[in-house]
Every structure is written in structure tokens, then in C-alpha cells.
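Undergrad: You'll find protein23.cif just under this line, and it carries mmCIF, C-alpha atoms.
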```cif
data_my_file
loop_
_atom_site.label_atom_id
_atom_site.label_comp_id
_atom_site.auth_asym_id
_atom_site.auth_seq_id
_atom_site.Cartn_x
_atom_site.Cartn_y
_atom_site.Cartn_z
CA MET A 2 23.13 -37.43 117.62
CA VAL A 3 25.93 -38.93 115.56
CA VAL A 4 24.85 -40.37 112.22
CA THR A 5 26.79 -43.52 111.47
CA GLU A 6 28.07 -44.23 108.00
CA SER A 7 25.66 -47.10 107.55
CA SER A 8 22.64 -45.02 108.55
CA ALA A 9 23.79 -42.21 106.27
CA ARG A 10 23.95 -44.75 103.49
CA ARG A 11 20.52 -46.07 104.38
CA ASN A 12 19.15 -42.54 104.34
CA ALA A 13 20.77 -41.87 101.00
CA LEU A 14 19.38 -45.06 99.53
CA ALA A 15 15.92 -43.93 100.60
CA ASP A 16 16.37 -41.12 98.08
CA PRO A 17 14.98 -42.38 94.74
CA ASP A 18 17.39 -40.16 92.87
CA VAL A 19 20.31 -41.80 94.66
CA ARG A 20 19.06 -45.16 93.47
CA LEU A 21 18.81 -43.81 89.93
CA MET A 22 22.36 -42.53 90.11
CA LEU A 23 23.57 -45.91 91.28
CA GLN A 24 21.99 -47.36 88.15
CA VAL A 25 23.76 -44.69 86.11
CA ARG A 26 26.97 -45.84 87.76
CA ASP A 27 26.23 -49.23 86.26
CA ASP A 28 25.85 -47.61 82.83
CA ASP A 29 22.05 -47.59 82.78
CA ALA A 30 21.23 -45.04 80.06
CA ALA A 31 17.51 -44.93 80.90
CA ALA A 32 18.28 -43.98 84.51
CA PHE A 33 20.55 -41.18 83.33
CA GLU A 34 17.84 -39.87 81.05
CA GLU A 35 15.38 -39.90 83.94
CA LEU A 36 17.74 -37.79 86.05
CA VAL A 37 18.22 -35.32 83.20
CA VAL A 38 14.48 -34.90 82.82
CA ARG A 39 13.94 -34.52 86.57
CA TYR A 40 16.64 -31.95 87.19
CA GLN A 41 17.26 -29.96 84.04
CA GLY A 42 14.49 -27.42 84.75
CA ARG A 43 15.72 -26.81 88.26
CA LEU A 44 19.30 -26.47 87.15
CA VAL A 45 18.42 -24.06 84.35
CA ALA A 46 16.39 -21.94 86.79
CA VAL A 47 19.09 -21.75 89.45
CA LEU A 48 21.96 -21.31 87.02
CA GLY A 49 19.96 -18.76 85.03
CA HIS A 50 19.48 -16.57 88.06
CA LEU A 51 23.08 -17.10 89.02
CA VAL A 52 24.72 -16.14 85.74
CA GLY A 53 22.01 -13.85 84.44
CA SER A 54 21.67 -15.53 81.06
CA ARG A 55 19.23 -18.23 80.13
CA ASP A 56 21.26 -19.41 77.15
CA GLN A 57 24.36 -19.73 79.24
CA ALA A 58 22.34 -21.45 81.95
CA GLU A 59 21.29 -24.14 79.48
CA ASP A 60 24.90 -24.63 78.37
CA LEU A 61 26.01 -24.87 81.96
CA THR A 62 23.22 -27.33 82.73
CA GLN A 63 24.53 -29.59 80.00
CA GLU A 64 28.03 -29.20 81.38
CA VAL A 65 26.75 -30.30 84.79
CA PHE A 66 25.17 -33.44 83.36
CA LEU A 67 28.31 -34.21 81.38
CA ARG A 68 30.33 -34.03 84.59
CA VAL A 69 27.79 -36.24 86.34
CA TYR A 70 28.19 -38.81 83.61
CA ARG A 71 31.99 -38.70 83.68
CA ALA A 72 32.05 -39.03 87.46
CA ARG A 73 29.50 -41.84 87.57
CA LYS A 74 31.97 -44.61 88.36
CA ARG A 75 33.18 -42.79 91.46
CA TYR A 76 29.68 -42.02 92.76
CA GLU A 77 28.94 -43.20 96.28
CA ALA A 78 25.57 -43.00 98.01
CA GLY A 79 26.65 -40.91 100.99
CA ALA A 80 24.32 -37.93 100.71
CA LYS A 81 21.24 -36.75 98.90
CA PHE A 82 21.64 -36.78 95.15
CA ALA A 83 20.49 -33.15 94.82
CA THR A 84 23.24 -32.05 97.20
CA TRP A 85 25.89 -33.70 95.05
CA LEU A 86 24.33 -32.40 91.83
CA PHE A 87 24.17 -28.81 93.01
CA THR A 88 27.71 -29.02 94.31
CA ILE A 89 28.74 -29.70 90.75
CA ALA A 90 26.42 -26.94 89.52
CA ASN A 91 27.94 -24.47 91.98
CA ASN A 92 31.40 -25.34 90.73
CA VAL A 93 30.37 -25.04 87.09
CA ALA A 94 28.71 -21.69 87.73
CA SER A 95 31.67 -20.35 89.69
CA ASN A 96 34.02 -21.29 86.89
CA ALA A 97 31.76 -19.67 84.32
CA LEU A 98 31.49 -16.46 86.28
CA ARG A 99 35.24 -16.39 86.80
CA CYS A 100 35.93 -16.88 83.12
CA ARG A 101 33.41 -14.40 81.96
CA SER A 102 34.90 -11.09 80.90
CA ARG A 103 34.25 -8.22 83.29
CA ARG A 104 30.70 -7.09 82.95
CA ARG A 105 28.87 -4.11 84.25
CA GLU A 106 27.98 -4.81 87.82
CA ILE A 107 24.91 -3.36 89.22
CA THR A 108 25.71 -2.31 92.72
CA LEU A 109 23.02 -1.14 94.94
CA GLN A 110 23.93 0.78 98.02
CA PRO A 111 21.81 0.46 101.10
CA ARG A 112 19.27 3.11 101.70
CA ASP A 113 17.47 4.04 104.81
CA SER A 114 14.52 1.72 105.07
CA GLY A 115 11.14 3.31 105.27
CA PRO A 116 8.57 2.17 107.78
CA MET A 117 8.00 -1.50 107.76
CA GLY A 118 4.80 -3.07 106.61
CA ALA A 119 5.62 -4.63 103.23
CA ARG A 120 2.65 -6.15 101.51
CA PRO A 121 2.25 -9.05 99.12
CA LEU A 122 3.14 -8.20 95.56
CA ASP A 123 -0.40 -8.15 94.25
CA GLU A 124 -1.43 -5.63 96.85
CA MET A 125 1.61 -3.55 96.15
CA LEU A 126 0.73 -3.39 92.50
CA GLN A 127 -2.62 -1.80 93.23
CA ALA A 128 -3.14 1.75 94.22
CA SER A 129 -4.38 1.83 97.76
CA SER A 130 -4.92 4.41 100.43
CA GLY A 131 -2.78 7.48 100.80
CA GLN A 132 0.00 5.47 102.33
CA MET A 133 0.99 4.28 98.84
CA PRO A 134 1.56 6.22 95.63
CA ALA A 135 -1.31 6.13 93.18
CA ARG A 136 0.96 4.92 90.48
CA GLN A 137 0.02 1.58 88.92
CA LEU A 138 2.95 -0.76 89.00
CA ASP A 139 3.48 -3.05 86.08
CA LYS A 140 4.05 -6.66 87.01
CA ALA A 141 6.77 -7.06 84.43
CA GLU A 142 8.54 -4.05 85.85
CA ALA A 143 8.19 -5.51 89.32
CA ARG A 144 9.74 -8.72 88.11
CA ASP A 145 12.60 -6.70 86.64
CA ILE A 146 13.14 -4.99 89.95
CA VAL A 147 13.23 -8.30 91.80
CA ARG A 148 15.70 -9.63 89.23
CA LEU A 149 17.76 -6.49 89.64
CA ALA A 150 17.78 -6.89 93.39
CA LEU A 151 18.87 -10.51 93.14
CA GLY A 152 21.55 -9.63 90.63
CA ALA A 153 22.93 -7.05 93.02
CA LEU A 154 23.81 -9.72 95.54
CA ASN A 155 27.30 -11.15 95.39
CA GLU A 156 27.74 -14.57 93.84
CA ARG A 157 27.79 -16.49 97.12
CA GLN A 158 24.76 -14.71 98.52
CA ARG A 159 22.89 -15.30 95.30
CA MET A 160 23.75 -19.01 95.25
CA ALA A 161 22.71 -19.43 98.87
CA VAL A 162 19.43 -17.61 98.20
CA LEU A 163 18.65 -19.71 95.12
CA LEU A 164 19.40 -22.98 96.86
CA ASN A 165 17.40 -22.01 99.92
CA LYS A 166 14.49 -20.41 98.13
CA PHE A 167 14.07 -22.52 94.99
CA GLU A 168 15.58 -25.83 96.04
CA GLY A 169 14.28 -25.71 99.59
CA MET A 170 17.68 -26.72 100.92
CA CYS A 171 18.56 -26.43 104.56
CA TYR A 172 21.64 -24.60 105.80
CA ALA A 173 23.56 -27.84 106.26
CA ASP A 174 22.98 -28.93 102.66
CA ILE A 175 23.86 -25.49 101.32
CA ALA A 176 26.98 -25.52 103.48
CA GLY A 177 28.02 -28.84 101.96
CA ILE A 178 27.50 -27.58 98.45
CA MET A 179 29.26 -24.27 98.94
CA GLU A 180 31.98 -25.64 101.19
CA LEU A 181 31.03 -23.34 104.03
CA SER A 182 29.98 -23.86 107.60
CA PRO A 183 26.25 -23.75 108.40
CA GLU A 184 26.95 -20.61 110.43
CA ALA A 185 28.49 -18.97 107.38
CA VAL A 186 25.43 -19.92 105.33
CA LYS A 187 23.18 -18.46 108.01
CA SER A 188 25.14 -15.23 107.84
CA LEU A 189 25.10 -15.19 104.03
CA LEU A 190 21.33 -15.61 103.89
CA PHE A 191 20.79 -12.99 106.54
CA ARG A 192 22.84 -10.41 104.66
CA ALA A 193 21.17 -11.39 101.39
CA ARG A 194 17.70 -10.92 102.81
CA VAL A 195 18.63 -7.57 104.29
CA SER A 196 20.05 -6.45 100.94
CA LEU A 197 16.95 -7.60 99.11
CA ARG A 198 14.71 -5.84 101.56
CA GLU A 199 16.67 -2.61 101.26
CA VAL A 200 16.18 -2.59 97.50
CA LEU A 201 12.68 -3.97 97.22
CA GLU A 202 10.95 -2.30 100.08
CA PRO A 203 11.40 1.32 98.93
CA TYR A 204 10.18 0.29 95.51
CA PHE A 205 7.11 -1.59 96.58
CA GLN A 206 6.23 0.86 99.32
CA HIS A 207 6.92 4.15 97.60
CA GLY A 208 7.53 3.20 93.99
CA GLU A 209 11.17 4.20 94.29
CA ARG A 210 12.85 2.42 91.45
CA PRO A 211 16.58 1.98 92.04
CA ALA A 212 18.44 4.31 89.74
CA VAL A 213 21.20 2.65 87.83
CA GLU A 214 23.77 4.59 85.87
CA ASP A 215 26.85 3.02 84.37
CA GLY A 216 26.23 0.00 86.50
CA GLU A 217 26.22 1.93 89.72
CA LEU A 218 23.30 2.99 91.82
CA GLU A 219 23.01 6.71 92.25
CA THR A 220 23.27 7.38 95.94
CA ARG A 221 21.34 10.11 97.64
CA MET B 14 24.42 -17.12 117.97
CA SER B 15 25.24 -14.44 115.42
CA HIS B 16 28.71 -13.08 114.93
CA GLU B 17 27.28 -9.57 114.75
CA THR B 18 27.58 -9.07 118.48
CA ASP B 19 28.20 -5.35 118.17
CA ASN B 20 24.83 -4.80 116.49
CA PRO B 21 22.02 -6.33 118.52
CA ASP B 22 19.41 -5.43 115.88
CA ALA B 23 21.36 -7.28 113.19
CA SER B 24 21.81 -10.18 115.55
CA LEU B 25 18.07 -10.33 116.17
CA GLU B 26 17.32 -10.05 112.45
CA GLU B 27 19.72 -12.88 111.73
CA GLN B 28 17.86 -14.99 114.25
CA LEU B 29 14.57 -13.99 112.63
CA VAL B 30 15.83 -15.08 109.21
CA ALA B 31 16.93 -18.41 110.66
CA TYR B 32 13.56 -18.70 112.37
CA LEU B 33 11.80 -18.18 109.03
CA ASP B 34 14.05 -20.82 107.48
CA GLY B 35 13.24 -23.29 110.26
CA GLU B 36 16.88 -23.47 111.28
CA LEU B 37 16.70 -22.60 114.96
CA ASP B 38 16.94 -25.13 117.73
CA THR B 39 14.01 -25.62 120.08
CA GLU B 40 15.22 -23.21 122.73
CA SER B 41 16.02 -20.41 120.27
CA ASN B 42 12.68 -20.97 118.59
CA ARG B 43 10.90 -20.54 121.88
CA ARG B 44 12.78 -17.31 122.66
CA ILE B 45 11.97 -15.81 119.26
CA GLU B 46 8.31 -16.73 119.55
CA GLU B 47 8.13 -15.13 122.97
CA LEU B 48 9.69 -12.01 121.53
CA LEU B 49 7.26 -11.99 118.62
CA ALA B 50 4.35 -12.30 120.97
CA ALA B 51 5.58 -9.45 123.15
CA ASP B 52 6.96 -6.91 120.66
CA PRO B 53 5.01 -5.66 117.61
CA ARG B 54 8.16 -4.09 116.12
CA VAL B 55 9.79 -7.52 116.01
CA ARG B 56 6.67 -8.89 114.35
CA ALA B 57 6.81 -6.10 111.75
CA THR B 58 10.49 -6.84 111.10
CA LEU B 59 9.71 -10.50 110.63
CA GLN B 60 6.89 -9.67 108.23
CA GLY B 61 9.14 -7.42 106.21
CA LEU B 62 11.80 -10.08 105.86
CA ASP B 63 9.24 -12.70 104.94
CA ARG B 64 7.38 -10.69 102.34
CA THR B 65 10.54 -9.55 100.62
CA TRP B 66 11.52 -13.18 100.39
CA GLU B 67 8.20 -14.08 98.84
CA LEU B 68 8.78 -11.50 96.12
CA LEU B 69 11.43 -13.80 94.72
CA ASP B 70 8.58 -16.02 93.56
CA GLU B 71 8.00 -13.38 90.88
CA LEU B 72 11.21 -14.33 89.19
CA ASP B 73 11.05 -15.89 85.78
CA THR B 74 10.43 -19.62 86.03
CA THR B 75 10.14 -20.48 82.35
CA PRO B 76 10.82 -24.18 81.89
CA ALA B 77 13.93 -25.37 80.07
CA ALA B 78 13.89 -25.14 76.29
CA GLU B 79 12.21 -28.00 74.56
CA GLY B 80 14.74 -30.43 73.29
CA LEU B 81 17.34 -29.53 75.90
CA ALA B 82 17.14 -33.01 77.43
CA GLN B 83 17.57 -34.56 73.99
CA THR B 84 20.65 -32.49 73.14
CA THR B 85 22.07 -33.19 76.58
CA LEU B 86 21.72 -36.93 76.09
CA GLU B 87 23.23 -36.68 72.62
CA MET B 88 26.18 -34.79 74.03
CA VAL B 89 26.70 -37.42 76.71
CA ALA B 90 26.38 -40.19 74.12
CA VAL B 91 29.19 -38.55 72.14
CA ALA B 92 31.29 -38.39 75.31
CA ALA B 93 30.57 -42.08 75.97
CA ALA B 94 31.58 -42.99 72.41
CA ASP B 95 34.82 -41.01 72.84
CA GLU B 96 35.47 -42.94 76.01
CA VAL B 97 35.05 -46.27 74.25
CA GLU B 98 37.25 -45.13 71.38
CA GLN B 99 39.96 -44.04 73.77
CA VAL B 100 39.91 -47.41 75.49
CA ARG B 101 40.09 -49.16 72.15
CA CYS B 102 43.09 -47.07 71.04
CA GLU B 103 44.74 -47.75 74.34
CA ALA B 104 44.37 -51.54 73.89
CA PRO B 105 47.11 -52.12 71.24
CA ARG B 106 49.39 -49.73 73.14
CA ARG B 107 48.72 -51.68 76.29
CA ARG B 108 49.41 -54.94 74.48
CA ARG B 109 52.70 -53.59 73.14
CA ARG B 110 53.56 -52.34 76.59
CA ARG B 111 52.80 -55.76 78.07
CA LEU B 112 54.97 -57.47 75.44
CA ALA B 113 57.79 -55.03 76.12
CA VAL B 114 57.50 -55.66 79.84
CA ALA B 115 57.44 -59.44 79.29
CA GLY B 116 60.46 -59.24 76.99
CA SER B 117 62.40 -57.13 79.45
CA GLY B 118 61.55 -59.55 82.20
CA LEU B 119 62.74 -62.48 80.18
CA LEU B 120 66.00 -60.76 79.34
CA ALA B 121 66.55 -59.78 82.94
CA ALA B 122 65.86 -63.34 84.08
CA SER B 123 68.28 -64.69 81.50
CA LEU B 124 71.00 -62.32 82.61
CA ALA B 125 70.39 -63.18 86.23
CA GLY B 126 70.54 -66.86 85.47
CA PHE B 127 73.74 -66.45 83.50
CA LEU B 128 75.37 -64.52 86.31
CA ALA B 129 74.23 -67.02 88.91
CA ALA B 130 75.56 -69.86 86.86
CA ALA B 131 78.81 -68.02 86.33
CA LEU B 132 79.23 -67.44 90.05
CA LEU B 133 78.16 -70.85 91.24
CA ARG B 134 79.74 -73.12 88.60
CA PRO B 135 83.35 -74.04 89.39
CA ASP B 136 85.83 -72.74 86.86
CA PRO B 137 88.12 -75.53 85.85
CA ASN B 138 90.75 -72.98 84.82
CA ARG B 139 90.64 -71.41 88.23
CA GLN B 140 91.18 -74.75 89.81
CA LEU B 141 94.20 -75.29 87.62
CA LEU B 142 95.62 -71.95 88.60
CA GLU B 143 95.25 -72.76 92.25
CA ASP B 144 96.98 -76.11 91.74
CA LEU B 145 99.80 -74.65 89.65
CA PRO B 146 102.46 -74.64 92.43
CA VAL B 147 101.81 -78.30 93.09
CA LEU B 148 101.87 -79.13 89.42
CA MET B 149 105.17 -77.35 88.92
CA ASN B 150 106.75 -79.57 91.60
CA LEU B 151 104.76 -82.67 90.95
CA ASP B 152 107.79 -84.83 90.11
CA GLU B 153 109.36 -84.05 93.50
CA TYR B 154 106.14 -84.62 95.38
CA ARG B 155 105.73 -88.02 93.77
CA GLN B 156 108.96 -89.10 95.45
CA ILE B 157 107.35 -88.62 98.86
CA ASP B 158 104.58 -90.90 99.97
CA ASP B 159 103.89 -89.42 103.36
CA LEU B 160 102.29 -86.04 103.74
CA GLN B 161 103.47 -85.69 107.32
CA PHE B 162 107.07 -86.19 106.12
CA LEU B 163 106.47 -83.49 103.52
CA ARG B 164 105.26 -81.09 106.20
CA ALA B 165 108.30 -81.82 108.30
CA LEU B 166 110.54 -81.02 105.33
CA HIS B 167 108.61 -77.78 104.91
CA ASP B 168 109.04 -76.84 108.51
CA GLU B 169 112.78 -77.31 108.14
CA ARG B 170 112.65 -74.71 105.39
CA LEU B 171 114.32 -77.02 102.99
CA PHE B 172 112.28 -75.51 100.13
CA SER B 173 113.03 -71.93 99.19
CA GLU B 174 110.41 -69.27 98.37
CA GLU B 175 111.75 -69.06 94.83
CA ASP B 176 110.52 -72.54 94.24
CA GLY B 177 107.06 -71.35 95.19
CA HIS B 178 106.79 -73.81 98.06
CA GLU B 179 106.07 -71.17 100.59
CA ARG B 180 102.41 -70.95 101.39
#
```
Rewrite the coordinates I just gave you, this time as C-alpha cells.
TA:
Amino acid sequence: MVVTESSARRNALADPDVRLMLQVRDDDAAAFEELVVRYQGRLVAVLGHLVGSRDQAEDLTQEVFLRVYRARKRYEAGAKFATWLFTIANNVASNALRCRSRRREITLQPRDSGPMGARPLDEMLQASSGQMPARQLDKAEARDIVRLALGALNERQRMAVLLNKFEGMCYADIAGIMELSPEAVKSLLFRARVSLREVLEPYFQHGERPAVEDGELETR
Amino acid sequence: MSHETDNPDASLEEQLVAYLDGELDTESNRRIEELLAADPRVRATLQGLDRTWELLDELDTTPAAEGLAQTTLEMVAVAAADEVEQVRCEAPRRRRRRLAVAGSGLLAASLAGFLAAALLRPDPNRQLLEDLPVLMNLDEYRQIDDLQFLRALHDERLFSEEDGHER
């Protein structure tokens, strides 16, 4: 079904954040403040996971809002506000990652997956029957492992994962933000999930913590 | 369908991921659900993908630092003030530019008018120059009343070229 321009506009105007942004376009300071309050947490979370630094994420979040303000006069209600906002965020993050000096990259190489049957995190953290090691897993350590696994994804996979997982965005919206086709997004998310599974499953099933040395995973 | 046509397992897993994300069309959805119902290995694969995904919920979700919104708004307010200042500084420059443009226009119009006047207005000196041959022989011409007679004299070549009568 083809969506006409007028219906797209109607749909966009149904978005309360679009209406707020239109007020910002008319130099409404209170509307801008409302958008900052609504989105800053989400932006900090996504950007934080993307660049790996909370402090930098907050700086980048401010940069995003500054760009939103400067672009306000050119804003048109053609899509969801969040899509436009995260397009800017993606650009800001990409620039930041490009400018950053080369850092140690944690690369995790795929391992042979053990038998399937992953369990929820809480169950994994408890010693169970003989199928699992008796070792008690610390939740903080588990969180570190998950962060490690996410950090091992490439930038595009990570962005797609964050938008899909934490922003609940569909493939089409992610495609618009990342300037990819929906098929490419589908492929990105598939490879990301497989990578995550390959790192996390051995850990949560057998307690096999990925070994990292000089930024590289030791392969077996 | 997936681009990973050489690896059917990867292709199926890609479809399973899309199924979990609610991105399949009705027909593909139906096929996957039939497969899930029929094959426990596919169900196990789906579970594995789903639970790994849920582990991401363990990531740090600490809210933004207190005061971040305030500093953001202050930063934007500074940017807005810079914008206003820039416009204000531009104003005298724009005024000077407008005056310069107006002055140039006036000068150009004046020049055009002068040239037009020069081209269109008859030059009395030019007229005199054109009439010079007649003036030089005016005394002779006054002797003749009839122009036709004068032409007849001309046709008889009674006036030499040196007298400037030849036209």
C-alpha cells in the first residue's frame, strides 16, 4: 500500500513529539526543553553503549540537541520524531568514533557453540544440576560479559542492536536512520545476534569467560 | 529471503531473528510457525536466540546525570544568543551593502541615460558637417530657383568633383 505524502504527514502529526518539534521550529523554548527531558536518557543510553563511555555519551547527547536546535527551521513533519533524532545521533556517534584515536579493540572470534538450551540470566547465575558448573556467577561480572559481547560487535551492528533492542525500532526505521535497506538491517541484526550468542552462550552455559589479551580473544 | 543462500541454517536463523522481531510477512510467519511446531531443534535455536537477546537487558541503564538537561539548555541558549549576535553584526554590513548596490544602480542608470541621450539627441555640429558641401556653394545655389533645373545641370556634369558637387 502506497502511503501518500499527506497521510505520512498526518501520521507524523499524530506523534506528540513531532508536534513539540514543530513548536521548537517556531522558537518555543518550553517545547525544546520538553524534548530534551524526554529523550536525553535514551540518547545517553544508546550513545553510551555505542561509544563505550558514559561521559562521552553525555557530551554527544548535548551535541545532538544542539544540532536539533540549529536545524529547527528546516524541520518538516515527514516521519516520526525519534527517527529523525536518532539519525542525528547516529551521525554524531559515527563522527565521534571516527575521530577517536585508535583504541584497543576487543575482537571475539566465533567458537563452536555448545548444545542449545540457554536459560534466563537469573537461572544461569545459580548453580543447578550437573549440566552447569557449580560456580556462582556474579551479576556484575555477567553484566561485564554482556557489555564485552556488545562491544565486540562492529559499529553498525551495535547501532542496529541498540535501536532495535532499546528503542524498539522496526527494521524500516533503523534503515532510515542508518541509510541502509531494510534487508541490510535484517542481515545486520541476524549477524549481531549470532555473534552475541557465540560469546554469551559458552559463558552462561559453562562459565567460559572470553579470554582477552592485548585486545584480542585467545583462540583455541 | 536471506542472501545467505549457500548456508540454509544461516538462512533459517535469519528468518528466526526476523520472526522474533516481528518483521516477517504473514506467509513467512506461517511457515516459521509450522516449522517450530514440527521441529524441536528449530524451537531450541529460536530459544537460544531469544534468551541471548534478553541478556542485553542486563546492560547498565543508569539515568543521565542530574543537571544534564540544564547544561544542555544553557548550551543551546548560548548558541541562540550567538545566532542573534551574528544577525545583528550582519545588519550594518547588509545596510552598507544595500547602499552600495543602490549607489551602483544609480550610477549605472545615469550612465545609461547619458548614453541614450547622446545617441538619440541630434548633434547640431553633425548636421552642419553634413550640410557643408551645400554651404560652401550656397551663393551659386541661390542663383537657381528650381531644383529640377539644378538636377539637370548635375546630370550634364557641369560641376566637377573638385567642387564637391558629386554625391
Undergrad: Residues picked by the PyMOL selection byres ((chain B and resi 75-79) around 12) here, as a PyMOL selection string?
TA: (chain A and resi 37-50+55-60+62-63) or (chain B and resi 71-74+80-85)
Undergrad: Restrict the distance test to only C-alpha atoms, flag each residue of chain A within 9 Å of chain B, and return the flagged residues as an NGL selection string.
TA: :A and (33-34 or 37-38 or 41-46 or 50 or 55 or 59 or 62-64 or 66-67 or 70-71 or 117-122 or 140 or 143-145 or 147-148 or 151 or 165-167 or 171-172 or 184 or 187-188 or 190-192 or 194-195 or 197-198 or 201-202)
Undergrad: Next, write the just-selected residues to a file, as a PDB file, in the frame of the given file, keeping C-alpha atoms as the atom set.
TA:
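The resulting out00.pdb:
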```pdb
ATOM      1  CA  PHE A  33      20.550 -41.180  83.330  1.00  0.00           C
ATOM      2  CA  GLU A  34      17.840 -39.870  81.050  1.00  0.00           C
ATOM      3  CA  VAL A  37      18.220 -35.320  83.200  1.00  0.00           C
ATOM      4  CA  VAL A  38      14.480 -34.900  82.820  1.00  0.00           C
ATOM      5  CA  GLN A  41      17.260 -29.960  84.040  1.00  0.00           C
ATOM      6  CA  GLY A  42      14.490 -27.420  84.750  1.00  0.00           C
ATOM      7  CA  ARG A  43      15.720 -26.810  88.260  1.00  0.00           C
ATOM      8  CA  LEU A  44      19.300 -26.470  87.150  1.00  0.00           C
ATOM      9  CA  VAL A  45      18.420 -24.060  84.350  1.00  0.00           C
ATOM     10  CA  ALA A  46      16.390 -21.940  86.790  1.00  0.00           C
ATOM     11  CA  HIS A  50      19.480 -16.570  88.060  1.00  0.00           C
ATOM     12  CA  ARG A  55      19.230 -18.230  80.130  1.00  0.00           C
ATOM     13  CA  GLU A  59      21.290 -24.140  79.480  1.00  0.00           C
ATOM     14  CA  THR A  62      23.220 -27.330  82.730  1.00  0.00           C
ATOM     15  CA  GLN A  63      24.530 -29.590  80.000  1.00  0.00           C
ATOM     16  CA  GLU A  64      28.030 -29.200  81.380  1.00  0.00           C
ATOM     17  CA  PHE A  66      25.170 -33.440  83.360  1.00  0.00           C
ATOM     18  CA  LEU A  67      28.310 -34.210  81.380  1.00  0.00           C
ATOM     19  CA  TYR A  70      28.190 -38.810  83.610  1.00  0.00           C
ATOM     20  CA  ARG A  71      31.990 -38.700  83.680  1.00  0.00           C
ATOM     21  CA  MET A 117       8.000  -1.500 107.760  1.00  0.00           C
ATOM     22  CA  GLY A 118       4.800  -3.070 106.610  1.00  0.00           C
ATOM     23  CA  ALA A 119       5.620  -4.630 103.230  1.00  0.00           C
ATOM     24  CA  ARG A 120       2.650  -6.150 101.510  1.00  0.00           C
ATOM     25  CA  PRO A 121       2.250  -9.050  99.120  1.00  0.00           C
ATOM     26  CA  LEU A 122       3.140  -8.200  95.560  1.00  0.00           C
ATOM     27  CA  LYS A 140       4.050  -6.660  87.010  1.00  0.00           C
ATOM     28  CA  ALA A 143       8.190  -5.510  89.320  1.00  0.00           C
ATOM     29  CA  ARG A 144       9.740  -8.720  88.110  1.00  0.00           C
ATOM     30  CA  ASP A 145      12.600  -6.700  86.640  1.00  0.00           C
ATOM     31  CA  VAL A 147      13.230  -8.300  91.800  1.00  0.00           C
ATOM     32  CA  ARG A 148      15.700  -9.630  89.230  1.00  0.00           C
ATOM     33  CA  LEU A 151      18.870 -10.510  93.140  1.00  0.00           C
ATOM     34  CA  ASN A 165      17.400 -22.010  99.920  1.00  0.00           C
ATOM     35  CA  LYS A 166      14.490 -20.410  98.130  1.00  0.00           C
ATOM     36  CA  PHE A 167      14.070 -22.520  94.990  1.00  0.00           C
ATOM     37  CA  CYS A 171      18.560 -26.430 104.560  1.00  0.00           C
ATOM     38  CA  TYR A 172      21.640 -24.600 105.800  1.00  0.00           C
ATOM     39  CA  GLU A 184      26.950 -20.610 110.430  1.00  0.00           C
ATOM     40  CA  LYS A 187      23.180 -18.460 108.010  1.00  0.00           C
ATOM     41  CA  SER A 188      25.140 -15.230 107.840  1.00  0.00           C
ATOM     42  CA  LEU A 190      21.330 -15.610 103.890  1.00  0.00           C
ATOM     43  CA  PHE A 191      20.790 -12.990 106.540  1.00  0.00           C
ATOM     44  CA  ARG A 192      22.840 -10.410 104.660  1.00  0.00           C
ATOM     45  CA  ARG A 194      17.700 -10.920 102.810  1.00  0.00           C
ATOM     46  CA  VAL A 195      18.630  -7.570 104.290  1.00  0.00           C
ATOM     47  CA  LEU A 197      16.950  -7.600  99.110  1.00  0.00           C
ATOM     48  CA  ARG A 198      14.710  -5.840 101.560  1.00  0.00           C
ATOM     49  CA  LEU A 201      12.680  -3.970  97.220  1.00  0.00           C
ATOM     50  CA  GLU A 202      10.950  -2.300 100.080  1.00  0.00           C
TER      51      GLU A 202
END
```
Undergrad: Could you jot down the atom CA of B:Leu142 to atom CA of B:Ala165 separation for me, Å, one decimal place?
TA: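 About the pair atom CA of B:Leu142 and atom CA of B:Ala165: they are 25.4 Å apart.
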Undergrad: Which residue, A:Leu163, A:Met179, A:Val200, A:Ala193, has the smallest gap to A:Leu51 when you use all atoms listed in the file?
TA: A:Leu163
Undergrad: Grab the atom CA of A:Ala176 to atom CA of A:Ile146 distance for me, in Å with one decimal place.
TA: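 These atoms are spaced 28.2 Å apart.
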Undergrad: Can you work out which one of A:Ala150, A:Ser7, A:Phe82, A:Arg68 has the shortest atom-to-atom distance to A:Leu23, counting all atoms listed in the file?
TA: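 So, comparing all the options, the nearest one is A:Phe82.
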Undergrad: Would you compute the distance between atom CA of A:Leu189 and atom CA of A:Ala161? Give it in Å to one decimal.
TA: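 We find that atom CA of A:Leu189 and atom CA of A:Ala161 lie 7.1 Å from each other.
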Undergrad: Stretch 190-197 of chain A, all listed atoms, 3 Å padding on each side: what axis-aligned box centre and edge lengths in Å to one decimal come out, as AutoDock Vina command-line options?
TA:
```
--center_x 19.9 --center_y -11.0 --center_z 102.8 --size_x 11.9 --size_y 15.2 --size_z 13.4
```
Undergrad: What do you get, as a PyMOL selection string, if you spell out every residue that the PyMOL selection byres ((chain A and resi 89) around 10) selects here?
TA: chain A and resi 64-66+68-69+83-88+90-95+178-179
Undergrad: Please dump the current selection as a compact mmCIF listing (two decimals), in the frame of the given file; keep C-alpha atoms.
TA:
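selection06.txt, written as the output of this step:
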```txt
# COMPACT_ATOMS: atom_id res chain seq x y z
CA GLU A 64 28.03 -29.20 81.38
CA VAL A 65 26.75 -30.30 84.79
CA PHE A 66 25.17 -33.44 83.36
CA ARG A 68 30.33 -34.03 84.59
CA VAL A 69 27.79 -36.24 86.34
CA ALA A 83 20.49 -33.15 94.82
CA THR A 84 23.24 -32.05 97.20
CA TRP A 85 25.89 -33.70 95.05
CA LEU A 86 24.33 -32.40 91.83
CA PHE A 87 24.17 -28.81 93.01
CA THR A 88 27.71 -29.02 94.31
CA ALA A 90 26.42 -26.94 89.52
CA ASN A 91 27.94 -24.47 91.98
CA ASN A 92 31.40 -25.34 90.73
CA VAL A 93 30.37 -25.04 87.09
CA ALA A 94 28.71 -21.69 87.73
CA SER A 95 31.67 -20.35 89.69
CA ILE A 178 27.50 -27.58 98.45
CA MET A 179 29.26 -24.27 98.94
```
Undergrad: Can you pull out the residues contacting A:Leu14? Cut-off 9 Å, using all atoms listed in the file, and skip same-chain residues under 6 positions away; I want them as a ChimeraX atom specification.
TA: /A:20,78-81
